[in-house]
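Student: Hey, dropping structure-v2.csv in here, CSV, C-alpha atoms and all ligand atoms:
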chain,number,residue,atom,x,y,z
K,1,MET,CA,102.1,-44.2,-139.7
K,2,PRO,CA,105.6,-43.7,-140.7
K,3,ALA,CA,107.2,-46.2,-143.0
K,4,CYS,CA,108.5,-49.1,-141.0
K,5,GLY,CA,107.5,-52.0,-143.2
K,6,PRO,CA,109.3,-55.2,-144.1
K,7,ARG,CA,112.7,-54.9,-145.6
K,8,THR,CA,113.2,-56.9,-148.7
K,9,ASP,CA,117.0,-56.8,-148.2
K,10,GLN,CA,116.6,-59.1,-145.2
K,11,ALA,CA,114.7,-61.7,-147.0
K,12,GLY,CA,117.8,-63.7,-147.7
K,13,ARG,CA,118.6,-63.9,-144.0
K,14,GLY,CA,115.5,-65.7,-143.0
K,15,VAL,CA,113.3,-62.7,-142.7
K,16,HIS,CA,110.1,-63.0,-144.7
K,17,GLN,CA,108.1,-60.4,-146.4
K,18,VAL,CA,104.5,-59.7,-145.7
K,19,HIS,CA,102.5,-58.4,-148.6
K,20,GLY,CA,99.5,-56.4,-147.3
K,21,ASP,CA,96.8,-54.7,-149.2
K,22,ARG,CA,97.3,-51.1,-148.1
K,23,ARG,CA,93.6,-50.4,-148.4
K,24,GLY,CA,92.9,-53.0,-145.8
K,25,ASP,CA,95.5,-51.5,-143.6
K,26,ASP,CA,94.0,-48.1,-143.8
K,27,ALA,CA,93.7,-46.4,-140.4
K,28,ARG,CA,89.9,-46.3,-140.5
K,29,ASP,CA,89.8,-49.7,-142.2
K,30,ARG,CA,87.0,-49.0,-144.6
K,31,SER,CA,88.0,-51.6,-147.1
K,32,SER,CA,86.8,-55.2,-147.2
K,33,ASN,CA,89.7,-56.0,-149.4
K,34,ALA,CA,92.5,-56.8,-146.9
K,35,ARG,CA,94.7,-59.5,-148.3
K,36,VAL,CA,98.0,-60.9,-147.1
K,37,HIS,CA,100.1,-63.4,-148.8
K,38,LEU,CA,103.2,-64.9,-147.3
K,39,ARG,CA,105.6,-65.6,-150.0
K,40,GLY,CA,107.3,-68.9,-149.7
K,41,ASP,CA,110.7,-69.8,-151.1
K,42,GLY,CA,110.9,-69.3,-154.9
K,43,GLY,CA,108.5,-66.4,-154.8
K,44,THR,CA,105.3,-68.4,-155.1
K,45,ASP,CA,102.4,-67.4,-152.9
K,46,ARG,CA,101.3,-70.0,-150.6
K,47,ARG,CA,99.6,-70.1,-147.3
K,48,GLY,CA,101.9,-69.9,-144.3
K,49,PRO,CA,105.7,-69.5,-144.1
K,50,PRO,CA,108.2,-72.3,-144.3
K,51,ALA,CA,108.8,-74.0,-140.9
K,52,GLY,CA,111.1,-72.1,-138.7
K,53,VAL,CA,110.8,-68.8,-140.4
K,54,HIS,CA,109.6,-65.9,-138.2
K,55,VAL,CA,107.1,-63.6,-139.9
K,56,ALA,CA,106.3,-60.2,-138.5
K,57,THR,CA,103.8,-57.8,-139.9
K,58,HIS,CA,103.5,-54.1,-139.1
K,59,ALA,CA,99.7,-53.7,-139.3
K,60,HIS,CA,97.2,-51.0,-138.1
K,61,GLY,CA,93.7,-51.8,-139.3
K,62,ALA,CA,91.7,-54.7,-137.9
K,63,LYS,CA,91.1,-56.3,-141.3
K,64,GLY,CA,94.7,-56.2,-142.2
K,65,ILE,CA,95.6,-57.7,-138.9
K,66,LYS,CA,93.1,-60.5,-139.3
K,67,ALA,CA,94.3,-61.3,-142.8
K,68,ALA,CA,97.9,-61.4,-141.5
K,69,VAL,CA,96.9,-63.7,-138.7
K,70,GLU,CA,95.0,-66.0,-141.0
K,71,ALA,CA,98.1,-66.1,-143.3
K,72,GLY,CA,100.1,-67.4,-140.4
K,73,VAL,CA,102.3,-64.5,-139.1
K,74,ASP,CA,104.1,-64.8,-135.7
K,75,THR,CA,103.9,-61.3,-134.6
K,76,VAL,CA,101.7,-58.2,-135.2
K,77,GLU,CA,103.5,-54.9,-134.7
K,78,HIS,CA,101.4,-51.9,-133.7
K,79,GLY,CA,97.8,-53.3,-133.7
K,80,THR,CA,96.5,-49.8,-133.8
K,81,PHE,CA,92.8,-50.3,-134.7
K,82,MET,CA,91.9,-53.8,-133.4
K,83,ASP,CA,88.4,-55.0,-132.8
K,84,GLU,CA,87.3,-57.8,-130.6
K,85,GLU,CA,87.6,-60.4,-133.3
K,86,ALA,CA,91.1,-59.4,-134.1
K,87,ILE,CA,92.1,-59.6,-130.5
K,88,GLU,CA,90.4,-63.0,-130.2
K,89,MET,CA,92.3,-64.2,-133.2
K,90,LEU,CA,95.7,-63.2,-131.7
K,91,ILE,CA,94.9,-65.4,-128.7
K,92,THR,CA,93.5,-68.4,-130.6
K,93,GLU,CA,96.2,-68.4,-133.2
K,94,ASP,CA,99.0,-67.8,-130.7
K,95,VAL,CA,100.2,-64.6,-132.3
K,96,THR,CA,102.3,-62.1,-130.2
K,97,LEU,CA,101.4,-58.4,-130.2
K,98,VAL,CA,104.2,-55.9,-130.2
K,99,PRO,CA,102.3,-52.7,-129.5
K,100,THR,CA,105.1,-50.1,-130.1
K,101,LEU,CA,103.4,-47.4,-128.1
K,102,SER,CA,106.5,-45.2,-128.5
K,103,ALA,CA,106.1,-44.7,-132.3
K,104,PRO,CA,103.0,-42.4,-132.4
K,105,TYR,CA,103.9,-40.8,-129.1
K,106,ARG,CA,107.2,-39.6,-130.4
K,107,ILE,CA,105.7,-38.0,-133.4
K,108,ALA,CA,102.9,-36.4,-131.3
K,109,ARG,CA,105.4,-35.0,-128.9
K,110,ASN,CA,107.6,-33.5,-131.7
K,111,VAL,CA,104.7,-31.8,-133.4
K,112,GLU,CA,106.8,-28.8,-134.5
K,113,GLN,CA,109.4,-30.8,-136.3
K,114,ALA,CA,107.2,-33.6,-137.6
K,115,THR,CA,106.3,-33.6,-141.3
K,116,LYS,CA,102.7,-32.9,-142.2
K,117,GLU,CA,102.6,-36.5,-143.5
K,118,SER,CA,103.7,-37.9,-140.2
K,119,LEU,CA,101.3,-35.8,-138.3
K,120,ARG,CA,98.4,-36.5,-140.5
K,121,LYS,CA,98.9,-40.2,-139.9
K,122,SER,CA,99.8,-40.2,-136.3
K,123,GLY,CA,97.8,-37.5,-134.6
K,124,PRO,CA,94.3,-39.1,-134.4
K,125,VAL,CA,95.8,-42.6,-134.4
K,126,TYR,CA,97.4,-42.3,-130.9
K,127,GLU,CA,94.2,-42.5,-128.9
K,128,HIS,CA,92.9,-45.5,-130.8
K,129,HIS,CA,96.2,-47.2,-130.5
K,130,ILE,CA,96.1,-46.9,-126.7
K,131,GLU,CA,92.6,-48.2,-126.6
K,132,SER,CA,93.5,-51.2,-128.7
K,133,PHE,CA,96.4,-51.9,-126.4
K,134,LYS,CA,94.3,-51.7,-123.3
K,135,GLN,CA,91.8,-54.1,-124.8
K,136,ALA,CA,94.5,-56.6,-125.8
K,137,VAL,CA,96.0,-56.5,-122.3
K,138,GLU,CA,92.6,-57.1,-120.7
K,139,ALA,CA,91.9,-60.0,-123.1
K,140,GLY,CA,95.2,-61.6,-122.3
K,141,VAL,CA,97.0,-61.3,-125.6
K,142,ARG,CA,100.7,-62.2,-125.3
K,143,ILE,CA,102.6,-59.0,-125.6
K,144,ALA,CA,106.3,-58.5,-126.4
K,145,GLY,CA,108.0,-55.1,-125.9
K,146,GLY,CA,109.2,-53.2,-128.9
K,147,THR,CA,109.6,-49.5,-129.8
K,148,ASP,CA,109.5,-49.4,-133.6
K,149,ALA,CA,112.8,-47.5,-133.4
K,150,GLY,CA,113.6,-45.9,-136.7
K,151,THR,CA,110.3,-44.1,-137.1
K,152,PRO,CA,110.5,-40.3,-136.7
K,153,PHE,CA,112.1,-39.1,-133.4
K,154,ASN,CA,112.0,-42.7,-132.2
K,155,TYR,CA,115.6,-43.8,-131.4
K,156,HIS,CA,117.2,-47.0,-130.2
K,157,GLY,CA,117.8,-47.4,-126.5
K,158,THR,CA,114.4,-46.2,-125.2
K,159,ASN,CA,113.0,-49.5,-124.3
K,160,SER,CA,112.4,-48.4,-120.7
K,161,THR,CA,110.2,-45.6,-121.9
K,162,GLU,CA,108.1,-48.2,-123.8
K,163,ILE,CA,107.8,-50.1,-120.5
K,164,SER,CA,106.5,-47.0,-118.8
K,165,PHE,CA,103.9,-46.5,-121.6
K,166,MET,CA,102.7,-50.1,-121.2
K,167,VAL,CA,102.3,-49.7,-117.5
K,168,GLU,CA,100.7,-46.3,-117.9
K,169,HIS,CA,98.1,-47.8,-120.2
K,170,GLY,CA,97.1,-50.9,-118.2
K,171,MET,CA,99.8,-53.5,-117.8
K,172,ASP,CA,101.1,-54.6,-114.5
K,173,PRO,CA,104.8,-53.5,-114.1
K,174,ILE,CA,106.0,-57.1,-113.9
K,175,ASP,CA,104.1,-58.0,-117.1
K,176,ALA,CA,105.5,-55.0,-118.9
K,177,ILE,CA,109.1,-55.8,-117.8
K,178,THR,CA,108.6,-59.4,-118.8
K,179,ALA,CA,107.2,-58.3,-122.2
K,180,MET,CA,110.4,-56.3,-122.9
K,181,THR,CA,112.8,-58.9,-121.7
K,182,GLY,CA,111.8,-62.6,-121.5
K,183,THR,CA,108.9,-62.5,-123.9
K,184,ALA,CA,110.8,-60.2,-126.4
K,185,ALA,CA,113.8,-62.6,-126.4
K,186,GLU,CA,111.5,-65.6,-126.9
K,187,THR,CA,109.6,-63.9,-129.6
K,188,ILE,CA,112.7,-63.3,-131.8
K,189,GLY,CA,114.0,-66.8,-131.0
K,190,LEU,CA,116.8,-66.0,-128.6
K,191,GLU,CA,117.4,-68.9,-126.3
K,192,ASP,CA,118.8,-68.5,-122.8
K,193,ALA,CA,118.2,-64.7,-122.8
K,194,GLY,CA,115.9,-62.3,-121.3
K,195,THR,CA,115.4,-64.1,-118.0
K,196,LEU,CA,117.2,-63.7,-114.7
K,197,GLU,CA,118.3,-67.2,-113.9
K,198,ALA,CA,121.3,-69.5,-113.9
K,199,GLY,CA,122.3,-70.4,-117.4
K,200,SER,CA,120.7,-67.3,-119.0
K,201,TYR,CA,122.9,-64.9,-120.9
K,202,ALA,CA,123.9,-62.2,-118.5
K,203,ASP,CA,122.8,-58.9,-119.9
K,204,LEU,CA,121.1,-57.0,-117.1
K,205,LEU,CA,120.4,-53.7,-115.5
K,206,VAL,CA,121.2,-53.1,-111.9
K,207,ILE,CA,118.6,-50.8,-110.4
K,208,GLU,CA,118.6,-49.0,-107.0
K,209,GLY,CA,115.0,-49.3,-105.8
K,210,ASP,CA,112.1,-51.4,-106.8
K,211,PRO,CA,111.1,-51.0,-110.5
K,212,LEU,CA,107.8,-52.8,-109.7
K,213,GLU,CA,106.9,-49.8,-107.6
K,214,ASP,CA,108.3,-47.3,-110.1
K,215,VAL,CA,109.2,-48.5,-113.6
K,216,SER,CA,110.8,-45.2,-114.4
K,217,LEU,CA,113.7,-46.3,-112.3
K,218,LEU,CA,114.6,-48.5,-115.3
K,219,ARG,CA,115.7,-45.3,-117.2
K,220,GLU,CA,118.5,-44.7,-114.8
K,221,PRO,CA,120.3,-48.0,-114.0
K,222,THR,CA,123.1,-47.9,-111.6
K,223,ALA,CA,125.0,-50.4,-113.7
K,224,VAL,CA,124.6,-52.2,-117.0
K,225,MET,CA,126.0,-55.7,-117.5
K,226,LYS,CA,126.5,-57.3,-120.9
K,227,GLY,CA,127.6,-60.9,-121.2
K,228,GLY,CA,128.4,-60.9,-117.5
K,229,GLU,CA,130.7,-57.9,-117.6
K,230,VAL,CA,129.9,-54.4,-116.2
K,231,VAL,CA,129.9,-52.1,-119.2
K,232,ALA,CA,128.5,-49.0,-117.6
K,233,GLY,CA,128.2,-47.7,-114.1
K,234,ALA,CA,129.2,-49.8,-111.1
K,235,ILE,CA,127.7,-52.5,-109.0
K,236,PRO,CA,127.0,-51.0,-105.6
K,237,ASP,CA,129.0,-52.4,-102.7
K,238,LEU,CA,126.5,-54.6,-101.0
K,239,GLU,CA,128.9,-55.6,-98.3
K,240,ARG,CA,129.2,-52.0,-97.2
K,241,ASP,CA,125.6,-51.9,-96.1
K,242,ARG,CA,125.7,-55.0,-94.0
L,301,ZN,ZN,105.9,-50.4,-137.9
Output the file's structure as structure tokens, nothing else.

Tutor:
Amino acid sequence: MPACGPRTDQAGRGVHQVHGDRRGDDARDRSSNARVHLRGDGGTDRRGPPAGVHVATHAHGAKGIKAAVEAGVDTVEHGTFMDEEAIEMLITEDVTLVPTLSAPYRIARNVEQATKESLRKSGPVYEHHIESFKQAVEAGVRIAGGTDAGTPFNYHGTNSTEISFMVEHGMDPIDAITAMTGTAAETIGLEDAGTLEAGSYADLLVIEGDPLEDVSLLREPTAVMKGGEVVAGAIPDLERDR
């Protein structure tokens, strides 16, 4: 997979590094040497992050995922090659999966421009990734929406497409929308956001039609509100239709 690992420059802002053994994170997961250490303050390895620090790990192989979960991460991004045990551990340890189905899809779709390195990593991975996702959905893993924007051909602002992918591969539309909104906000610690209710921060899309019947409607909102203000499009005149 393309590089999308932890950024050491964010460590000082409450983002923690995850050190994974690359062999254990190999796509085919042949190694038995997966190790993950969460580095506490002061650089000493210790089990588990300090309280209140969110730890994410971008992981593909089952062994790397299990090692990360055992080490106490909050989220697993990708989860490409999960087995039953890894899925079970996500549930029992209350770890959220961010499947990022967009990342391999974007590379697979841009075959002509993709680098050989990107293709080598992403081509055969895609089908396994989808299979892992389906199994996680079926097992009831908590899922938050994320696109892994920043990987090749994968740009910011395509969250609705990720929702479509999640629905296409086994999630109920309402669950996929919730994953990308309420659960995503909760996962990154945003309070009063991502839900449509009084007191919640008013970022929302106005859709003509029922996205639960066709989630692709989310790609073409009639209006976009941010902080309670319309920043794009216009709210339809509901009075007109009465
Ligand atoms: Zn990643």

Student: Using only C-alpha atoms and all ligand atoms, which of K:Ile130, K:Tyr105, K:Gln113, K:Ala149 sits nearest ligand ZN 301 (chain L)?

Tutor: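 For ligand ZN 301 (chain L), the nearest of the candidates is K:Ala149.
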
Student: Write out as JSON, numbers by chain each polymer residue whose atoms come within 9 Å of Glu131 of chain K, counting all atoms listed in the file; drop sequence neighbours fewer than 2 positions from it.

Tutor: {"K": [80, 81, 82, 126, 127, 128, 129, 133, 134, 135, 136, 169]}

Student: If you count only C-alpha atoms, which residues fall within 8 Å of Asp74 of chain K, apart from same-chain ones fewer than 6 positions away, as JSON, numbers by chain?

Tutor: {"K": [54, 55, 56, 94, 95, 96]}

Student: By how many Å are atom CA of Arg219 of chain K and atom CA of Arg142 of chain K apart?

Tutor: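 So the two atoms, atom CA of Arg219 of chain K and atom CA of Arg142 of chain K, lie 24.0 Å apart.
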
Student: Just the residues within 6 Å of segment 196-212 of chain K, please, counting only C-alpha atoms, with nothing from its chain fewer than 2 positions along; format it as a list in words.

Tutor: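 Near segment 196-212 of chain K, the qualifying residues are Pro173, Asp192, Ala193, Asp214, Val215, Leu217, Pro221, Thr222, Ala223, Val224, Met225, Lys226, Gly227 and Gly228 of chain K.
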
Student: Take the residues just selected and output them with C-alpha atoms as a tab-separated table (two decimals), keeping the file's coordinate frame.

Tutor:
chain	number	residue	atom	x	y	z
K	173	PRO	CA	104.80	-53.50	-114.10
K	192	ASP	CA	118.80	-68.50	-122.80
K	193	ALA	CA	118.20	-64.70	-122.80
K	214	ASP	CA	108.30	-47.30	-110.10
K	215	VAL	CA	109.20	-48.50	-113.60
K	217	LEU	CA	113.70	-46.30	-112.30
K	221	PRO	CA	120.30	-48.00	-114.00
K	222	THR	CA	123.10	-47.90	-111.60
K	223	ALA	CA	125.00	-50.40	-113.70
K	224	VAL	CA	124.60	-52.20	-117.00
K	225	MET	CA	126.00	-55.70	-117.50
K	226	LYS	CA	126.50	-57.30	-120.90
K	227	GLY	CA	127.60	-60.90	-121.20
K	228	GLY	CA	128.40	-60.90	-117.50

Student: If we count all atoms listed in the file and set the cut-off at 12 Å, which residues sit around Asp172 of chain K, ignoring sequence neighbours fewer than 4 positions away in its own chain? Please answer as a PyMOL selection string.

Tutor: chain K and resi 134+137-138+163-168+176-179+211-215
